[in-house]
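Listing of query-v3.cif; format and content: mmCIF, C-alpha atoms; chains and numbers go by the auth columns.
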```cif
data_structure
loop_
_atom_site.group_PDB
_atom_site.id
_atom_site.type_symbol
_atom_site.label_atom_id
_atom_site.label_comp_id
_atom_site.label_asym_id
_atom_site.label_seq_id
_atom_site.Cartn_x
_atom_site.Cartn_y
_atom_site.Cartn_z
_atom_site.B_iso_or_equiv
_atom_site.auth_seq_id
_atom_site.auth_asym_id
ATOM 1 C CA MET A 1 58.955 115.811 87.093 0.00 5 A
ATOM 2 C CA THR A 2 55.223 116.395 87.154 0.00 6 A
ATOM 3 C CA LEU A 3 53.342 118.376 84.533 0.00 7 A
ATOM 4 C CA LEU A 4 52.656 121.160 87.054 0.00 8 A
ATOM 5 C CA LYS A 5 56.363 121.407 87.950 0.00 9 A
ATOM 6 C CA THR A 6 57.245 121.563 84.261 0.00 10 A
ATOM 7 C CA LEU A 7 54.646 124.284 83.688 0.00 11 A
ATOM 8 C CA THR A 8 56.104 126.229 86.620 0.00 12 A
ATOM 9 C CA ALA A 9 59.651 125.962 85.280 0.00 13 A
ATOM 10 C CA VAL A 10 58.550 127.039 81.802 0.00 14 A
ATOM 11 C CA ALA A 11 56.543 129.947 83.267 0.00 15 A
ATOM 12 C CA PHE A 12 59.663 131.237 85.021 0.00 16 A
ATOM 13 C CA ALA A 13 61.807 130.653 81.913 0.00 17 A
ATOM 14 C CA GLU A 14 59.262 132.489 79.761 0.00 18 A
ATOM 15 C CA ALA A 15 59.208 135.415 82.213 0.00 19 A
ATOM 16 C CA ILE A 16 63.010 135.596 82.153 0.00 20 A
ATOM 17 C CA SER A 17 63.038 135.438 78.355 0.00 21 A
ATOM 18 C CA TRP A 18 60.521 138.312 78.291 0.00 22 A
ATOM 19 C CA VAL A 19 62.891 140.466 80.339 0.00 23 A
ATOM 20 C CA CYS A 20 65.790 139.441 78.082 0.00 24 A
ATOM 21 C CA LEU A 21 63.724 140.406 75.041 0.00 25 A
ATOM 22 C CA LEU A 22 63.075 143.848 76.530 0.00 26 A
ATOM 23 C CA VAL A 23 66.810 144.296 77.122 0.00 27 A
ATOM 24 C CA ALA A 24 67.520 143.134 73.567 0.00 28 A
ATOM 25 C CA MET A 25 65.025 145.691 72.240 0.00 29 A
ATOM 26 C CA VAL A 26 66.871 148.444 74.109 0.00 30 A
ATOM 27 C CA PHE A 27 70.053 147.368 72.331 0.00 31 A
ATOM 28 C CA LYS A 28 68.240 147.155 68.987 0.00 32 A
ATOM 29 C CA TYR A 29 66.599 150.561 69.097 0.00 33 A
ATOM 30 C CA GLY A 30 69.002 152.395 71.391 0.00 34 A
ATOM 31 C CA PHE A 31 72.328 151.172 70.041 0.00 35 A
ATOM 32 C CA ASP A 32 71.439 149.880 66.563 0.00 36 A
ATOM 33 C CA MET A 33 72.300 146.288 67.528 0.00 37 A
ATOM 34 C CA PRO A 34 69.370 144.175 66.232 0.00 38 A
ATOM 35 C CA GLU A 35 71.048 140.758 66.452 0.00 39 A
ATOM 36 C CA GLY A 36 69.936 140.030 70.015 0.00 40 A
ATOM 37 C CA VAL A 37 66.265 140.503 69.253 0.00 41 A
ATOM 38 C CA SER A 38 66.277 137.845 66.551 0.00 42 A
ATOM 39 C CA TRP A 39 67.792 135.220 68.855 0.00 43 A
ATOM 40 C CA VAL A 40 66.042 136.160 72.070 0.00 44 A
ATOM 41 C CA GLY A 41 62.785 136.641 70.170 0.00 45 A
ATOM 42 C CA ARG A 42 62.942 133.094 68.808 0.00 46 A
ATOM 43 C CA ILE A 43 63.674 131.656 72.245 0.00 47 A
ATOM 44 C CA HIS A 44 60.899 133.692 73.837 0.00 48 A
ATOM 45 C CA GLY A 45 58.426 132.698 71.108 0.00 49 A
ATOM 46 C CA PHE A 46 59.290 129.037 71.560 0.00 50 A
ATOM 47 C CA LEU A 47 58.836 129.291 75.326 0.00 51 A
ATOM 48 C CA VAL A 48 55.467 131.009 74.878 0.00 52 A
ATOM 49 C CA LEU A 49 54.265 128.157 72.660 0.00 53 A
ATOM 50 C CA VAL A 50 55.531 125.541 75.120 0.00 54 A
ATOM 51 C CA PHE A 51 53.915 127.428 77.998 0.00 55 A
ATOM 52 C CA VAL A 52 50.518 127.567 76.265 0.00 56 A
ATOM 53 C CA ALA A 53 50.666 123.858 75.388 0.00 57 A
ATOM 54 C CA LEU A 54 51.621 122.913 78.956 0.00 58 A
ATOM 55 C CA LEU A 55 48.962 125.234 80.355 0.00 59 A
ATOM 56 C CA LEU A 56 46.287 123.497 78.265 0.00 60 A
ATOM 57 C CA LEU A 57 47.565 120.053 79.278 0.00 61 A
ATOM 58 C CA THR A 58 47.584 121.093 82.935 0.00 62 A
ATOM 59 C CA HIS A 59 44.061 122.501 82.576 0.00 63 A
ATOM 60 C CA VAL A 60 42.854 119.106 81.375 0.00 64 A
ATOM 61 C CA GLN A 61 44.918 116.954 83.763 0.00 65 A
ATOM 62 C CA LYS A 62 44.212 118.995 86.916 0.00 66 A
ATOM 63 C CA ARG A 63 40.649 119.825 85.852 0.00 67 A
ATOM 64 C CA TRP A 64 41.301 123.493 86.494 0.00 68 A
ATOM 65 C CA PRO A 65 38.364 125.845 86.098 0.00 69 A
ATOM 66 C CA ILE A 66 38.506 127.757 82.823 0.00 70 A
ATOM 67 C CA ARG A 67 38.815 130.975 84.852 0.00 71 A
ATOM 68 C CA LYS A 68 42.072 129.784 86.464 0.00 72 A
ATOM 69 C CA THR A 69 43.525 128.742 83.112 0.00 73 A
ATOM 70 C CA LEU A 70 42.553 132.007 81.404 0.00 74 A
ATOM 71 C CA LEU A 71 43.929 134.038 84.294 0.00 75 A
ATOM 72 C CA ALA A 72 47.231 132.129 84.081 0.00 76 A
ATOM 73 C CA PHE A 73 47.387 132.829 80.353 0.00 77 A
ATOM 74 C CA ILE A 74 46.632 136.528 80.843 0.00 78 A
ATOM 75 C CA GLU A 75 49.241 136.786 83.612 0.00 79 A
ATOM 76 C CA SER A 76 51.866 135.399 81.252 0.00 80 A
ATOM 77 C CA ILE A 77 51.401 138.206 78.714 0.00 81 A
ATOM 78 C CA PRO A 78 52.691 141.437 80.343 0.00 82 A
ATOM 79 C CA PRO A 79 56.365 141.608 81.260 0.00 83 A
ATOM 80 C CA PHE A 80 57.164 140.797 84.901 0.00 84 A
ATOM 81 C CA THR A 81 53.728 139.347 85.744 0.00 85 A
ATOM 82 C CA GLY A 82 55.084 135.971 84.627 0.00 86 A
ATOM 83 C CA PHE A 83 57.119 135.955 87.835 0.00 87 A
ATOM 84 C CA ILE A 84 53.929 136.374 89.877 0.00 88 A
ATOM 85 C CA LEU A 85 52.355 133.538 87.913 0.00 89 A
ATOM 86 C CA GLY A 86 55.437 131.377 88.491 0.00 90 A
ATOM 87 C CA LYS A 87 55.179 131.998 92.239 0.00 91 A
ATOM 88 C CA GLN A 88 51.486 131.059 92.209 0.00 92 A
ATOM 89 C CA LEU A 89 52.250 127.868 90.295 0.00 93 A
ATOM 90 C CA LEU A 90 55.070 127.063 92.711 0.00 94 A
ATOM 91 C CA ASP A 91 52.553 127.370 95.554 0.00 95 A
ATOM 92 C CA ASP A 92 50.281 124.932 93.675 0.00 96 A
ATOM 93 C CA VAL A 93 53.203 122.504 93.319 0.00 97 A
ATOM 94 C CA ARG A 94 53.904 122.697 97.042 0.00 98 A
ATOM 95 C CA ARG A 95 50.221 122.113 97.865 0.00 99 A
ATOM 96 C CA ASP A 96 50.144 119.094 95.536 0.00 100 A
ATOM 97 C CA GLU A 97 53.287 117.679 97.117 0.00 101 A
ATOM 98 C CA ALA A 98 51.910 118.215 100.621 0.00 102 A
ATOM 99 C CA MET A 99 48.697 116.414 99.664 0.00 103 A
ATOM 100 C CA THR A 100 50.563 113.417 98.237 0.00 104 A
ATOM 101 C CA THR A 101 52.914 113.172 101.235 0.00 105 A
ATOM 102 C CA HIS A 102 50.198 113.744 103.847 0.00 106 A
ATOM 103 C CA PRO A 103 46.904 112.523 102.405 0.00 107 A
ATOM 104 C CA ALA A 104 43.800 113.576 104.318 0.00 108 A
#
```

Show the structure stored in the file as structure tokens.
Amino acid sequence: MTLLKTLTAVAFAEAISWVCLLVAMVFKYGFDMPEGVSWVGRIHGFLVLVFVALLLLTHVQKRWPIRKTLLAFIESIPPFTGFILGKQLLDDVRRDEAMTTHPA
């Protein structure tokens, strides 16, 4: 698996964990059930750290412009925009694969 594919998978996983964290917060504050937030929060935090590390590695390896890297980071912050970012990264993966299979 390439670094870009791994970044894409982690971006989607991080976006899903963000949604799960929001659901867990509803249970914590709405139903006085705080247990979910501690577990989901740890998983989400771990995925955020992995995402940032992979994003920086991809920035260096792919020689992305700083603007593209910063935009990807910013898109990962609000809930649900991580899915848009994941789709954009998936498009990048497909372009990379098309270039390696059909070089110009």

Can you tell me how far atom CA of Tyr33 of chain A sits from atom CA of Pro83 of chain A, in Å to one decimal?
18.2 Å

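The gap separating atom CA of Glu18 of chain A from atom CA of Val52 of chain A is 6.4 Å, in Å to one decimal.
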
Name the residues captured by the PyMOL selection byres ((chain A and resi 26) around 12) when it is applied to the shown file; answer as a PyMOL selection string.
chain A and resi 19-25+27-34+40-41+44-45+48+82-84

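Of the listed residues A:Arg67, A:Arg46, A:His106, A:Lys91, the one whose atoms come nearest to Phe16 of chain A is A:Lys91, with distances taken using all atoms listed in the file.
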
Shell around Ala57 of chain A at 12 Å using all atoms listed in the file, local window under 3 positions removed, as JSON, numbers by chain:
{"A": [7, 10, 11, 14, 15, 50, 51, 52, 53, 54, 60, 61, 62, 63, 64, 73, 77]}

Put those residues in a file: C-alpha atoms, as a short mmCIF file (atom, residue, chain, number, x, y, z; two decimals), in the coordinates of the input.
```
data_model
loop_
_atom_site.label_atom_id
_atom_site.label_comp_id
_atom_site.auth_asym_id
_atom_site.auth_seq_id
_atom_site.Cartn_x
_atom_site.Cartn_y
_atom_site.Cartn_z
CA LEU A 7 53.34 118.38 84.53
CA THR A 10 57.24 121.56 84.26
CA LEU A 11 54.65 124.28 83.69
CA VAL A 14 58.55 127.04 81.80
CA ALA A 15 56.54 129.95 83.27
CA PHE A 50 59.29 129.04 71.56
CA LEU A 51 58.84 129.29 75.33
CA VAL A 52 55.47 131.01 74.88
CA LEU A 53 54.26 128.16 72.66
CA VAL A 54 55.53 125.54 75.12
CA LEU A 60 46.29 123.50 78.26
CA LEU A 61 47.56 120.05 79.28
CA THR A 62 47.58 121.09 82.94
CA HIS A 63 44.06 122.50 82.58
CA VAL A 64 42.85 119.11 81.38
CA THR A 73 43.52 128.74 83.11
CA PHE A 77 47.39 132.83 80.35
#
```

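With distances taken over all atoms listed in the file, A:Ile81 is the one residue among A:Met5, A:Ile81, A:Leu89, A:Thr12 lying closest to Gly49 of chain A.
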
Taking all atoms listed in the file into account, which of A:Val56, A:Trp68, A:Arg98, A:Met103 comes nearest Ser80 of chain A?
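The closest residue to Ser80 of chain A is A:Val56.
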
Please measure the separation of atom CA of Leu59 of chain A and atom CA of Thr105 of chain A, giving the value in Å to one decimal.
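Value for the atom CA of Leu59 of chain A-atom CA of Thr105 of chain A distance: 24.4 Å.
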
Test item: axis-aligned box, all listed atoms of segment 56-69 of chain A, 8 Å on each side, centre and edges in Å rounded to one decimal, as JSON:
```
{"center_x": 45.0, "center_y": 122.3, "center_z": 81.2, "size_x": 29.3, "size_y": 26.6, "size_z": 27.5}
```
